[in-house]
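Coordinates as given in input11.txt (compact mmCIF, C-alpha atoms and all ligand atoms):
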```txt
# COMPACT_ATOMS: atom_id res chain seq x y z
CA MET A 1444 155.74 -0.41 -74.86
CA PRO A 1445 155.19 -3.99 -73.59
CA LEU A 1446 153.14 -2.98 -70.53
CA SER A 1447 150.38 -0.38 -70.83
CA PRO A 1448 150.24 2.52 -68.30
CA GLU A 1449 147.14 0.86 -66.75
CA GLN A 1450 148.97 -2.45 -66.34
CA LEU A 1451 151.98 -0.68 -64.79
CA ALA A 1452 149.69 1.12 -62.33
CA GLU A 1453 147.97 -2.16 -61.40
CA ILE A 1454 151.34 -3.81 -60.75
CA GLU A 1455 152.55 -0.85 -58.67
CA ALA A 1456 149.39 -1.00 -56.56
CA LEU A 1457 149.84 -4.75 -55.95
CA ARG A 1458 153.49 -4.35 -55.02
CA ALA A 1459 152.63 -1.54 -52.61
CA SER A 1460 150.34 -3.70 -50.48
CA PRO A 1461 152.15 -6.90 -49.43
CA GLN A 1462 150.10 -9.27 -47.27
CA PRO A 1463 151.34 -11.45 -44.43
CA THR A 1464 150.67 -15.10 -45.19
CA LEU A 1465 150.92 -18.51 -43.58
CA ARG A 1466 151.28 -20.13 -47.00
CA ALA A 1467 154.57 -21.57 -48.22
CA VAL A 1468 156.64 -18.82 -49.83
CA ALA A 1469 159.48 -19.45 -52.27
CA PRO A 1470 161.92 -16.55 -51.73
CA GLY A 1471 163.32 -16.91 -55.25
CA MET A 1472 159.84 -16.54 -56.72
CA GLU A 1473 158.81 -13.57 -54.60
CA LYS A 1474 161.23 -11.34 -56.49
CA HIS A 1475 159.49 -12.27 -59.77
CA LEU A 1476 155.96 -11.61 -58.53
CA TYR A 1477 154.43 -8.69 -60.43
CA THR A 1478 157.59 -7.96 -62.37
CA ALA A 1479 157.49 -8.24 -66.16
CA GLN A 1480 160.35 -9.63 -68.19
CA GLU A 1481 160.39 -8.16 -71.67
CA VAL A 1482 160.42 -10.70 -74.51
CA LEU A 1483 160.70 -9.96 -78.27
CA ASP A 1484 159.91 -6.38 -79.32
CA HIS A 1485 156.59 -5.78 -77.50
CA GLY A 1486 156.02 -8.94 -75.46
CA PHE A 1487 156.50 -9.89 -71.83
CA VAL A 1488 156.08 -12.64 -69.27
CA ARG A 1489 155.18 -11.86 -65.70
CA VAL A 1490 154.33 -13.98 -62.70
CA VAL A 1491 150.87 -13.16 -61.39
CA ASP A 1492 150.68 -15.85 -58.71
CA TYR A 1493 152.15 -19.19 -57.70
CA MET A 1494 151.55 -22.04 -55.29
CA GLY A 1495 154.07 -24.40 -53.70
CA ASP A 1496 157.83 -24.80 -53.62
CA ASP A 1497 160.37 -27.64 -53.56
CA ALA A 1498 159.13 -28.65 -50.12
CA ALA A 1499 155.54 -28.99 -51.41
CA ILE A 1500 156.75 -31.58 -53.94
CA CYS A 1501 158.42 -33.60 -51.17
CA GLN A 1502 155.47 -33.18 -48.82
CA ALA A 1503 153.15 -34.72 -51.43
CA ALA A 1504 155.63 -37.46 -52.32
CA ARG A 1505 155.97 -38.51 -48.68
CA VAL A 1506 152.25 -39.21 -48.55
CA SER A 1507 152.97 -42.07 -50.92
CA TYR A 1508 156.35 -43.16 -49.56
CA GLY A 1509 155.77 -42.55 -45.86
CA LYS A 1510 158.41 -41.87 -43.22
CA GLY A 1511 159.90 -45.32 -43.56
CA THR A 1512 161.57 -44.54 -46.87
CA LYS A 1513 164.87 -43.52 -45.30
CA SER A 1514 166.81 -43.62 -48.57
CA VAL A 1515 164.75 -40.80 -50.01
CA GLN A 1516 164.50 -38.60 -46.90
CA ASN A 1517 166.72 -35.85 -48.25
CA ASP A 1518 164.57 -33.37 -50.24
CA LYS A 1519 166.97 -32.90 -53.13
CA GLY A 1520 167.59 -36.62 -53.37
CA LEU A 1521 163.87 -37.33 -53.22
CA ILE A 1522 163.15 -34.83 -56.00
CA ARG A 1523 165.86 -36.36 -58.17
CA TYR A 1524 164.41 -39.82 -57.49
CA LEU A 1525 160.93 -38.65 -58.50
CA MET A 1526 162.21 -37.07 -61.71
CA ARG A 1527 164.37 -40.10 -62.57
CA HIS A 1528 161.48 -42.52 -62.15
CA TRP A 1529 158.82 -40.36 -63.85
CA HIS A 1530 156.86 -40.14 -60.61
CA SER A 1531 155.27 -36.94 -61.84
CA THR A 1532 152.21 -36.24 -59.71
CA PRO A 1533 154.12 -34.60 -56.80
CA PHE A 1534 155.31 -31.95 -59.30
CA GLU A 1535 151.67 -31.18 -60.07
CA MET A 1536 151.32 -29.83 -56.50
CA CYS A 1537 153.08 -26.63 -57.62
CA GLU A 1538 151.31 -24.18 -59.90
CA VAL A 1539 152.13 -20.88 -61.54
CA LYS A 1540 149.93 -18.24 -63.16
CA LEU A 1541 151.59 -16.09 -65.82
CA HIS A 1542 150.49 -13.05 -67.76
CA VAL A 1543 151.99 -13.27 -71.23
CA LYS A 1544 151.96 -10.87 -74.16
CA LEU A 1545 152.92 -12.64 -77.38
CA PRO A 1546 152.43 -12.53 -81.16
CA VAL A 1547 149.41 -14.49 -82.41
CA PHE A 1548 151.57 -16.91 -84.44
CA VAL A 1549 153.49 -17.78 -81.25
CA ALA A 1550 150.20 -18.15 -79.37
CA ARG A 1551 149.09 -20.74 -81.98
CA GLN A 1552 152.06 -22.93 -81.09
CA TRP A 1553 151.72 -22.29 -77.37
CA ILE A 1554 148.00 -23.14 -77.20
CA ARG A 1555 148.76 -26.67 -78.40
CA HIS A 1556 149.87 -27.35 -74.81
CA ARG A 1557 146.44 -28.43 -73.65
CA THR A 1558 147.24 -29.11 -70.02
CA ALA A 1559 147.08 -25.46 -68.94
CA ASN A 1560 144.27 -23.01 -68.15
CA VAL A 1561 144.06 -20.03 -70.46
CA ASN A 1562 142.12 -16.78 -70.56
CA GLU A 1563 142.88 -14.62 -73.59
CA TYR A 1564 142.30 -10.97 -74.46
CA SER A 1565 139.05 -10.68 -76.37
CA ALA A 1566 139.39 -9.04 -79.77
CA ARG A 1567 135.60 -9.33 -80.08
CA TYR A 1568 135.18 -7.05 -77.09
CA SER A 1569 138.27 -4.82 -77.31
CA ILE A 1570 140.34 -3.21 -80.04
CA LEU A 1571 143.80 -4.68 -80.51
CA ASP A 1572 146.78 -2.31 -80.21
CA ARG A 1573 148.92 -1.38 -83.21
CA GLU A 1574 151.77 -3.63 -82.10
CA PHE A 1575 153.40 -6.12 -84.45
CA TYR A 1576 156.35 -8.41 -84.03
CA ILE A 1577 159.07 -7.35 -86.45
CA PRO A 1578 162.16 -9.58 -86.13
CA ALA A 1579 165.44 -7.97 -85.12
CA PRO A 1580 167.84 -7.98 -88.12
CA GLU A 1581 169.89 -10.84 -86.62
CA HIS A 1582 166.76 -13.03 -86.53
CA LEU A 1583 165.71 -12.37 -90.10
CA ALA A 1584 166.73 -15.78 -91.36
CA ALA A 1585 166.37 -17.50 -94.72
CA GLN A 1586 164.66 -20.88 -95.13
CA SER A 1587 167.00 -23.72 -94.15
CA VAL A 1588 168.06 -25.88 -97.09
CA ILE A 1589 168.57 -28.97 -94.88
CA ASN A 1590 165.61 -28.67 -92.51
CA ASN A 1591 162.13 -27.89 -93.86
CA GLN A 1592 161.11 -26.79 -90.37
CA GLY A 1593 164.06 -24.50 -89.70
CA ARG A 1594 166.17 -21.48 -90.50
CA GLY A 1595 169.38 -21.00 -92.37
CA GLU A 1596 171.67 -18.01 -92.89
CA THR A 1597 170.59 -14.53 -91.78
CA LEU A 1598 169.37 -12.22 -94.54
CA THR A 1599 171.59 -9.21 -95.09
CA GLY A 1600 171.83 -5.99 -97.08
CA ASP A 1601 169.13 -5.13 -99.61
CA GLU A 1602 167.23 -8.37 -99.11
CA ALA A 1603 166.96 -7.83 -95.35
CA ALA A 1604 165.83 -4.24 -95.90
CA ARG A 1605 163.24 -5.33 -98.50
CA VAL A 1606 161.77 -8.01 -96.20
CA LEU A 1607 161.62 -5.67 -93.19
CA GLU A 1608 159.89 -3.04 -95.30
CA ILE A 1609 157.26 -5.56 -96.48
CA LEU A 1610 156.62 -6.76 -92.92
CA LYS A 1611 156.21 -3.24 -91.57
CA SER A 1612 154.14 -1.80 -94.42
CA ASP A 1613 151.78 -4.80 -94.64
CA ALA A 1614 151.20 -4.73 -90.88
CA ASN A 1615 150.49 -1.01 -90.86
CA ARG A 1616 148.25 -1.12 -93.93
CA ALA A 1617 146.23 -3.98 -92.40
CA TYR A 1618 145.93 -2.04 -89.14
CA ASP A 1619 144.88 1.16 -90.93
CA ASN A 1620 142.13 -0.82 -92.68
CA TYR A 1621 141.16 -2.52 -89.38
CA GLU A 1622 140.55 0.92 -87.90
CA ALA A 1623 138.83 2.21 -91.04
CA MET A 1624 136.46 -0.77 -91.18
CA MET A 1625 135.45 -0.35 -87.51
CA SER A 1626 135.13 3.41 -87.69
CA ASP A 1627 131.54 4.61 -87.23
CA GLU A 1628 132.15 8.07 -88.66
CA GLY A 1629 129.50 8.45 -91.36
CA GLN A 1630 128.90 4.68 -91.48
CA GLN A 1631 127.72 1.83 -89.27
CA GLY A 1632 131.21 0.37 -88.73
CA LEU A 1633 132.11 -3.30 -88.90
CA ALA A 1634 131.98 -5.40 -85.70
CA ARG A 1635 135.34 -5.88 -83.95
CA GLU A 1636 134.94 -9.65 -84.10
CA LEU A 1637 134.88 -9.43 -87.92
CA ALA A 1638 137.34 -6.57 -88.52
CA ARG A 1639 140.11 -8.50 -86.74
CA MET A 1640 140.17 -11.24 -89.38
CA ASN A 1641 142.15 -8.96 -91.67
CA LEU A 1642 145.03 -8.56 -89.17
CA PRO A 1643 148.33 -10.39 -89.67
CA SER A 1644 149.46 -13.11 -87.25
CA ASN A 1645 152.41 -11.02 -86.00
CA ILE A 1646 149.98 -8.79 -84.07
CA TYR A 1647 150.26 -9.18 -80.29
CA THR A 1648 147.69 -10.80 -78.05
CA GLN A 1649 147.74 -11.37 -74.28
CA TRP A 1650 146.64 -14.12 -71.96
CA TYR A 1651 146.75 -15.45 -68.45
CA TRP A 1652 148.24 -18.93 -68.50
CA LYS A 1653 148.09 -21.18 -65.44
CA VAL A 1654 149.85 -24.51 -65.39
CA ASP A 1655 151.23 -27.02 -62.91
CA LEU A 1656 154.95 -27.69 -62.65
CA HIS A 1657 154.83 -31.13 -64.23
CA ASN A 1658 153.16 -29.81 -67.38
CA LEU A 1659 155.29 -26.67 -67.33
CA PHE A 1660 158.40 -28.87 -67.42
CA HIS A 1661 156.92 -30.67 -70.44
CA PHE A 1662 156.33 -27.29 -72.13
CA LEU A 1663 159.89 -26.17 -71.35
CA ARG A 1664 161.34 -29.47 -72.53
CA LEU A 1665 159.74 -28.90 -75.95
CA ARG A 1666 159.88 -25.12 -76.26
CA ALA A 1667 163.19 -24.22 -74.59
CA ASP A 1668 164.78 -26.78 -76.89
CA SER A 1669 166.97 -25.81 -79.84
CA HIS A 1670 164.43 -27.41 -82.23
CA ALA A 1671 161.69 -25.00 -81.14
CA GLN A 1672 161.12 -21.83 -83.15
CA TYR A 1673 163.17 -18.90 -81.81
CA GLU A 1674 160.10 -16.73 -81.17
CA ILE A 1675 158.54 -19.21 -78.71
CA ARG A 1676 161.90 -20.35 -77.35
CA VAL A 1677 162.66 -16.89 -75.96
CA TYR A 1678 159.48 -17.05 -73.90
CA ALA A 1679 160.34 -20.55 -72.68
CA ASP A 1680 163.85 -19.38 -71.78
CA ALA A 1681 162.43 -16.47 -69.78
CA ILE A 1682 160.04 -18.81 -67.93
CA ALA A 1683 162.84 -21.33 -67.29
CA LYS A 1684 164.82 -18.65 -65.43
CA VAL A 1685 161.80 -17.95 -63.23
CA VAL A 1686 161.30 -21.66 -62.51
CA ALA A 1687 164.98 -22.06 -61.59
CA ASP A 1688 164.49 -19.40 -58.87
CA TRP A 1689 161.11 -20.77 -57.78
CA VAL A 1690 161.91 -24.48 -57.30
CA PRO A 1691 165.72 -24.77 -57.56
CA ALA A 1692 165.91 -28.46 -56.62
CA ALA A 1693 163.15 -29.52 -59.03
CA PHE A 1694 164.58 -27.37 -61.80
CA GLY A 1695 168.05 -28.84 -61.22
CA ALA A 1696 166.63 -32.36 -61.56
CA PHE A 1697 164.68 -31.33 -64.67
CA GLU A 1698 167.81 -29.86 -66.28
CA ASP A 1699 169.78 -32.99 -65.50
CA TYR A 1700 167.28 -35.70 -66.46
CA ARG A 1701 165.17 -33.98 -69.12
CA MET A 1702 166.90 -30.99 -70.74
CA GLY A 1703 170.42 -32.35 -70.49
CA GLY A 1704 169.54 -36.05 -70.48
CA ALA A 1705 168.35 -38.26 -73.32
CA ASN A 1706 166.08 -41.23 -73.91
CA LEU A 1707 167.74 -44.30 -75.37
CA SER A 1708 165.93 -46.91 -77.44
CA ALA A 1709 166.63 -50.60 -76.82
CA GLN A 1710 168.65 -50.60 -80.06
CA ALA A 1711 170.74 -47.64 -78.92
CA LEU A 1712 171.40 -49.29 -75.55
CA ASP A 1713 172.45 -52.43 -77.36
CA VAL A 1714 174.95 -50.44 -79.49
CA ILE A 1715 176.48 -48.91 -76.35
CA ARG A 1716 176.74 -52.31 -74.63
CA ARG A 1717 178.36 -53.87 -77.70
CA ARG A 1718 180.84 -50.99 -77.97
CA LEU A 1719 181.72 -51.25 -74.28
CA LYS A 1720 182.59 -54.90 -74.95
CA GLY A 1721 184.95 -53.73 -77.71
CA GLU A 1722 182.84 -54.62 -80.73
CA GLU A 1723 182.98 -52.28 -83.72
CA VAL A 1724 179.39 -51.19 -84.33
CA THR A 1725 178.43 -49.17 -87.40
CA GLN A 1726 175.12 -47.96 -88.73
CA GLU A 1727 174.99 -50.97 -91.04
CA ASN A 1728 175.19 -53.55 -88.24
CA SER A 1729 173.35 -51.45 -85.63
CA GLY A 1730 169.85 -52.09 -86.97
CA MET A 1731 169.19 -48.33 -87.01
CA ALA A 1732 168.09 -46.27 -90.01
CA ALA A 1733 170.64 -43.73 -91.30
CA ARG A 1734 168.89 -40.71 -89.81
CA GLU A 1735 168.38 -42.34 -86.42
CA TRP A 1736 172.04 -43.39 -86.40
CA ARG A 1737 173.13 -39.79 -87.16
CA GLU A 1738 170.99 -38.49 -84.31
CA PHE A 1739 172.35 -41.18 -81.98
CA VAL A 1740 175.98 -40.37 -82.84
CA ASP A 1741 175.31 -36.62 -82.40
CA MET A 1742 173.77 -37.34 -79.00
CA ILE A 1743 176.67 -39.51 -77.80
CA GLU A 1744 179.44 -37.32 -79.19
CA GLY A 1745 177.72 -34.09 -78.10
C1 LIG B 1801 159.57 -28.69 -82.51
C2 LIG B 1801 158.08 -28.89 -82.61
C3 LIG B 1801 157.47 -29.03 -83.86
C4 LIG B 1801 156.09 -29.24 -83.95
N1 LIG B 1801 155.50 -29.33 -85.19
C5 LIG B 1801 154.15 -29.50 -85.28
C6 LIG B 1801 153.50 -29.56 -86.56
O1 LIG B 1801 154.13 -29.52 -87.62
N2 LIG B 1801 152.16 -29.70 -86.61
C7 LIG B 1801 151.40 -29.79 -85.45
O2 LIG B 1801 150.18 -29.92 -85.54
N3 LIG B 1801 151.99 -29.72 -84.23
C8 LIG B 1801 153.33 -29.56 -84.13
N4 LIG B 1801 153.90 -29.47 -82.88
C9 LIG B 1801 153.04 -29.52 -81.69
C10 LIG B 1801 153.13 -30.89 -80.99
O3 LIG B 1801 152.70 -31.93 -81.84
C11 LIG B 1801 152.28 -30.89 -79.71
O4 LIG B 1801 150.93 -30.65 -80.06
C12 LIG B 1801 152.70 -29.80 -78.73
O5 LIG B 1801 154.09 -29.80 -78.57
C13 LIG B 1801 152.01 -30.02 -77.39
O6 LIG B 1801 152.53 -31.20 -76.83
P1 LIG B 1801 151.63 -32.14 -75.92
O7 LIG B 1801 150.40 -32.57 -76.65
O8 LIG B 1801 152.54 -33.22 -75.42
O9 LIG B 1801 151.30 -31.14 -74.72
P2 LIG B 1801 150.00 -31.03 -73.82
O10 LIG B 1801 148.80 -30.74 -74.64
O11 LIG B 1801 150.33 -30.07 -72.71
O12 LIG B 1801 149.84 -32.45 -73.22
C14 LIG B 1801 150.79 -32.96 -72.29
C15 LIG B 1801 150.62 -34.45 -72.25
O13 LIG B 1801 149.31 -34.74 -71.76
C16 LIG B 1801 148.78 -35.85 -72.47
N5 LIG B 1801 147.56 -35.42 -73.16
C17 LIG B 1801 147.05 -34.17 -73.24
N6 LIG B 1801 145.90 -34.18 -73.90
C18 LIG B 1801 145.67 -35.45 -74.28
C19 LIG B 1801 144.66 -36.10 -75.02
N7 LIG B 1801 143.60 -35.45 -75.48
N8 LIG B 1801 144.77 -37.41 -75.23
C20 LIG B 1801 145.81 -38.11 -74.76
N9 LIG B 1801 146.81 -37.56 -74.04
C21 LIG B 1801 146.75 -36.25 -73.81
C22 LIG B 1801 149.86 -36.34 -73.40
O14 LIG B 1801 150.65 -37.30 -72.75
C23 LIG B 1801 150.71 -35.11 -73.62
O15 LIG B 1801 152.04 -35.37 -73.99
C24 LIG B 1801 155.29 -29.29 -82.76
C25 LIG B 1801 155.91 -29.16 -81.51
C26 LIG B 1801 157.28 -28.96 -81.43
C27 LIG B 1801 157.91 -28.80 -80.07
```
Please re-express this file's structure in structure tokens.
Amino acid sequence: MPLSPEQLAEIEALRASPQPTLRAVAPGMEKHLYTAQEVLDHGFVRVVDYMGDDAAICQAARVSYGKGTKSVQNDKGLIRYLMRHWHSTPFEMCEVKLHVKLPVFVARQWIRHRTANVNEYSARYSILDREFYIPAPEHLAAQSVINNQGRGETLTGDEAARVLEILKSDANRAYDNYEAMMSDEGQQGLARELARMNLPSNIYTQWYWKVDLHNLFHFLRLRADSHAQYEIRVYADAIAKVVADWVPAAFGAFEDYRMGGANLSAQALDVIRRRLKGEEVTQENSGMAAREWREFVDMIEG
């Protein structure tokens, strides 16, 4: 079960005692507060707290632009302007605190995003639960033959069954030994902080993760992207849905300029300008390397 009975009781208690507030409230975010979205087989993401909304971004931006900036008075237009021109600090005025349960190997990728505040479950202090990420059959993919950092065809039949069996039996054997090493029945028992080193990286951990909207967008740009590993992407996708409800104008601008948009090099811009003038431009006369040209053509042709 993703949420423990204690966690469910804590959430119920919080939901049962709403407080009146003078703070800005984002109606779209209120419905996510204290509700957990299940991710992977035992994981979840839930919003613990948040600060700010679309208006908070504009409020901060107007400190720098003042009332005189008539052309950017409209909130949505102002937010699009800020996103377009990489004026990022107003987005830092919004913050979100999430409780996330995730496999350790996903946490290793996630923790690389240094611009967040993290507090993780202590496996020195507490005993980890017997919960391991085992991919659903449709996500049991073979190594890609064209991309060293990617997946190819899905494993099927006997091979899929063999791999699943190895994953499950190794995880359970390691956990059995974890318990046996810590057991103090007739022995001293190994410390938790040492016994855990024998556990596989598909075991689940949990953390509170607090980040501002600017850095969250950066995280989503990298991790909700098709190049990100599926197992972290599903968390990013779940968070993206929450952000879309929380700050719809900012998220719309982010989708348009960052997720759906693209950066062009000076060379790429030159190719487009030459083509618009009717010149036939190929990789050979573009100045781009073959791989960069392929990526450029894919980007333009969609
Ligand atoms: C598809 C993919 C593949 C990857 N493959 C690998 C891999 O093979 N090996 C590997 O090690 N990592 C890999 N990474 C991780 C990647 O290199 C980054 O560490 C990770 O995405 C976090 O990005 P970030 O540093 O921009 O984010 P954050 O740490 O959140 O930082 C955000 C921004 O803040 C600034 N910043 C933060 N800290 C500093 C600092 N100390 N100095 C200067 N500026 C700072 C930078 O502008 C940075 O972009 C991969 C990431 C992705 C998405």
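Proximal residues of ligand LIG 1801 (chain B) are Gln1552, Trp1553, Ile1554, Arg1555, His1556, Arg1557, Thr1558, Ala1559, Gln1592, Asn1658, Leu1659, His1661, Phe1662, Arg1664, Leu1665, Arg1666, Ala1667, Asp1668, Ser1669, His1670, Ala1671 and Gln1672 of chain A, by a cut-off of 9 Å on all atoms listed in the file.
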- Would you mind listing what lies within 8 Å of Lys1544 (chain A) as a ChimeraX atom specification, with only C-alpha atoms counted and same-chain residues fewer than 5 positions away left out? /A:1445,1485-1488,1647-1650
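The gap separating CA of Leu1656 (chain A) from CA of Glu1455 (chain A) is 27.2 Å, in Å to one decimal.
Taking CA of Tyr1493 (chain A) and CA of Tyr1673 (chain A) as the two end points, the separation is 26.5 Å.
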- Item | Atomic separation - CA of Asp1492 (chain A) relative to CA of Leu1541 (chain A), Å | 7.2 Å
Which region 1569-1660 of chain A residues have any atom within 12 Å of an atom of region 1677-1690 of chain A, and for each, what is the nearest pair of atoms with distance in Å to one decimal, counting only C-alpha atoms, rows sorted by chain and number, as a Markdown table?
```
| residue | atom | partner | partner_atom | distance |
| --- | --- | --- | --- | --- |
| A:His1582 | CA | A:Val1677 | CA | 12.0 |
| A:Trp1652 | CA | A:Ile1682 | CA | 11.8 |
| A:Val1654 | CA | A:Ile1682 | CA | 11.9 |
| A:Asp1655 | CA | A:Val1686 | CA | 11.4 |
| A:Leu1656 | CA | A:Val1686 | CA | 8.8 |
| A:His1657 | CA | A:Val1686 | CA | 11.6 |
| A:Leu1659 | CA | A:Val1686 | CA | 9.2 |
| A:Phe1660 | CA | A:Ala1683 | CA | 8.8 |
```
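When only C-alpha atoms are used to measure the gap to Lys1611 (chain A), the shortest distance among A:Arg1573, A:Arg1734, A:Arg1635, A:His1542 belongs to A:Arg1573.
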- What lies within 10 Å of Val1468 (chain A) using only C-alpha atoms, ignoring chain neighbours under 2 positions off, as number ranges by chain? A: 1464-1466, 1470-1473, 1493-1496, 1689
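Nearest to Val1490 (chain A) of all the residues A:Arg1701, A:Gln1502, A:Asn1728, A:Lys1474 is A:Lys1474, counting all atoms listed in the file.
Remark: for Lys1653 (chain A), the closest of the candidate residues A:Cys1501, A:Cys1537, A:Arg1523, A:Ala1469 is A:Cys1537 (distances computed over all atoms listed in the file).
Take the candidates A:Ala1584, A:Arg1639, A:Gly1629, A:Asp1518 and check each one against Ser1565 (chain A) using all atoms listed in the file; the shortest distance goes to A:Arg1639.
Between Met1624 (chain A) and the residues A:Leu1642, A:Leu1607, A:Ala1499, A:Ala1459, the shortest atom-to-atom distance, using all atoms listed in the file, involves A:Leu1642.
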Quick one: 5 Å padding each side, axis-aligned, all listed atoms of region 1444-1457 of chain A - centre and edge lengths in Å to one decimal, as AutoDock Vina command-line options?
```
--center_x 151.4 --center_y -1.1 --center_z -65.4 --size_x 18.6 --size_y 17.3 --size_z 28.9
```
Within 12 Å of Pro1578 (chain A) using only C-alpha atoms, minus same-chain residues under 5 positions, as a PDB file with C-alpha atoms, keeping the file's coordinate frame:
```
ATOM      1  CA  VAL A1482     160.420 -10.700 -74.510  1.00  0.00           C
ATOM      2  CA  LEU A1483     160.700  -9.960 -78.270  1.00  0.00           C
ATOM      3  CA  ASP A1484     159.910  -6.380 -79.320  1.00  0.00           C
ATOM      4  CA  HIS A1485     156.590  -5.780 -77.500  1.00  0.00           C
ATOM      5  CA  PRO A1546     152.430 -12.530 -81.160  1.00  0.00           C
ATOM      6  CA  LEU A1583     165.710 -12.370 -90.100  1.00  0.00           C
ATOM      7  CA  ALA A1584     166.730 -15.780 -91.360  1.00  0.00           C
ATOM      8  CA  THR A1597     170.590 -14.530 -91.780  1.00  0.00           C
ATOM      9  CA  LEU A1598     169.370 -12.220 -94.540  1.00  0.00           C
ATOM     10  CA  ALA A1603     166.960  -7.830 -95.350  1.00  0.00           C
ATOM     11  CA  ALA A1604     165.830  -4.240 -95.900  1.00  0.00           C
ATOM     12  CA  VAL A1606     161.770  -8.010 -96.200  1.00  0.00           C
ATOM     13  CA  LEU A1607     161.620  -5.670 -93.190  1.00  0.00           C
ATOM     14  CA  GLU A1608     159.890  -3.040 -95.300  1.00  0.00           C
ATOM     15  CA  LEU A1610     156.620  -6.760 -92.920  1.00  0.00           C
ATOM     16  CA  LYS A1611     156.210  -3.240 -91.570  1.00  0.00           C
ATOM     17  CA  ASN A1645     152.410 -11.020 -86.000  1.00  0.00           C
ATOM     18  CA  TYR A1673     163.170 -18.900 -81.810  1.00  0.00           C
ATOM     19  CA  GLU A1674     160.100 -16.730 -81.170  1.00  0.00           C
TER      20      GLU A1674
END
```
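In terms of minimum interatomic distance to Tyr1621 (chain A), A:Leu1571 ranks closest within A:Leu1571, A:Ile1609, A:Ala1692, A:Ile1589, counting all atoms listed in the file.
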- Using all atoms listed in the file, which residues sit within 7 Å of Gln1726 (chain A) once same-chain residues fewer than 5 positions away are excluded, as a PyMOL selection string? chain A and resi 1731+1733+1736
Atoms are missing here; could region 1718-1730 of chain A be completed with N, CA and C atoms and written as a compact mmCIF listing (two decimals), in the frame of the given file?
```
# COMPACT_ATOMS: atom_id res chain seq x y z
N ARG A 1718 179.60 -51.78 -77.87
CA ARG A 1718 180.84 -50.99 -77.97
C ARG A 1718 181.67 -51.10 -76.70
N LEU A 1719 180.99 -51.11 -75.55
CA LEU A 1719 181.72 -51.25 -74.28
C LEU A 1719 182.47 -52.58 -74.21
N LYS A 1720 181.92 -53.59 -74.92
CA LYS A 1720 182.59 -54.90 -74.95
C LYS A 1720 183.69 -54.94 -76.01
N GLY A 1721 183.86 -53.81 -76.73
CA GLY A 1721 184.95 -53.73 -77.71
C GLY A 1721 184.55 -54.05 -79.13
N GLU A 1722 183.27 -54.30 -79.36
CA GLU A 1722 182.84 -54.62 -80.73
C GLU A 1722 182.77 -53.34 -81.57
N GLU A 1723 183.12 -53.44 -82.85
CA GLU A 1723 182.98 -52.28 -83.72
C GLU A 1723 181.56 -52.27 -84.29
N VAL A 1724 180.77 -51.25 -83.87
CA VAL A 1724 179.39 -51.19 -84.33
C VAL A 1724 179.25 -49.99 -85.27
N THR A 1725 178.68 -50.23 -86.42
CA THR A 1725 178.43 -49.17 -87.40
C THR A 1725 176.94 -49.08 -87.65
N GLN A 1726 176.55 -48.08 -88.43
CA GLN A 1726 175.12 -47.96 -88.73
C GLN A 1726 174.60 -49.24 -89.39
N GLU A 1727 175.43 -49.80 -90.27
CA GLU A 1727 174.99 -50.97 -91.04
C GLU A 1727 174.67 -52.16 -90.14
N ASN A 1728 175.48 -52.38 -89.09
CA ASN A 1728 175.19 -53.55 -88.24
C ASN A 1728 174.50 -53.16 -86.92
N SER A 1729 174.02 -51.89 -86.86
CA SER A 1729 173.35 -51.45 -85.63
C SER A 1729 171.86 -51.76 -85.65
N GLY A 1730 171.30 -51.91 -86.86
CA GLY A 1730 169.85 -52.09 -86.97
C GLY A 1730 169.11 -50.77 -87.06
```
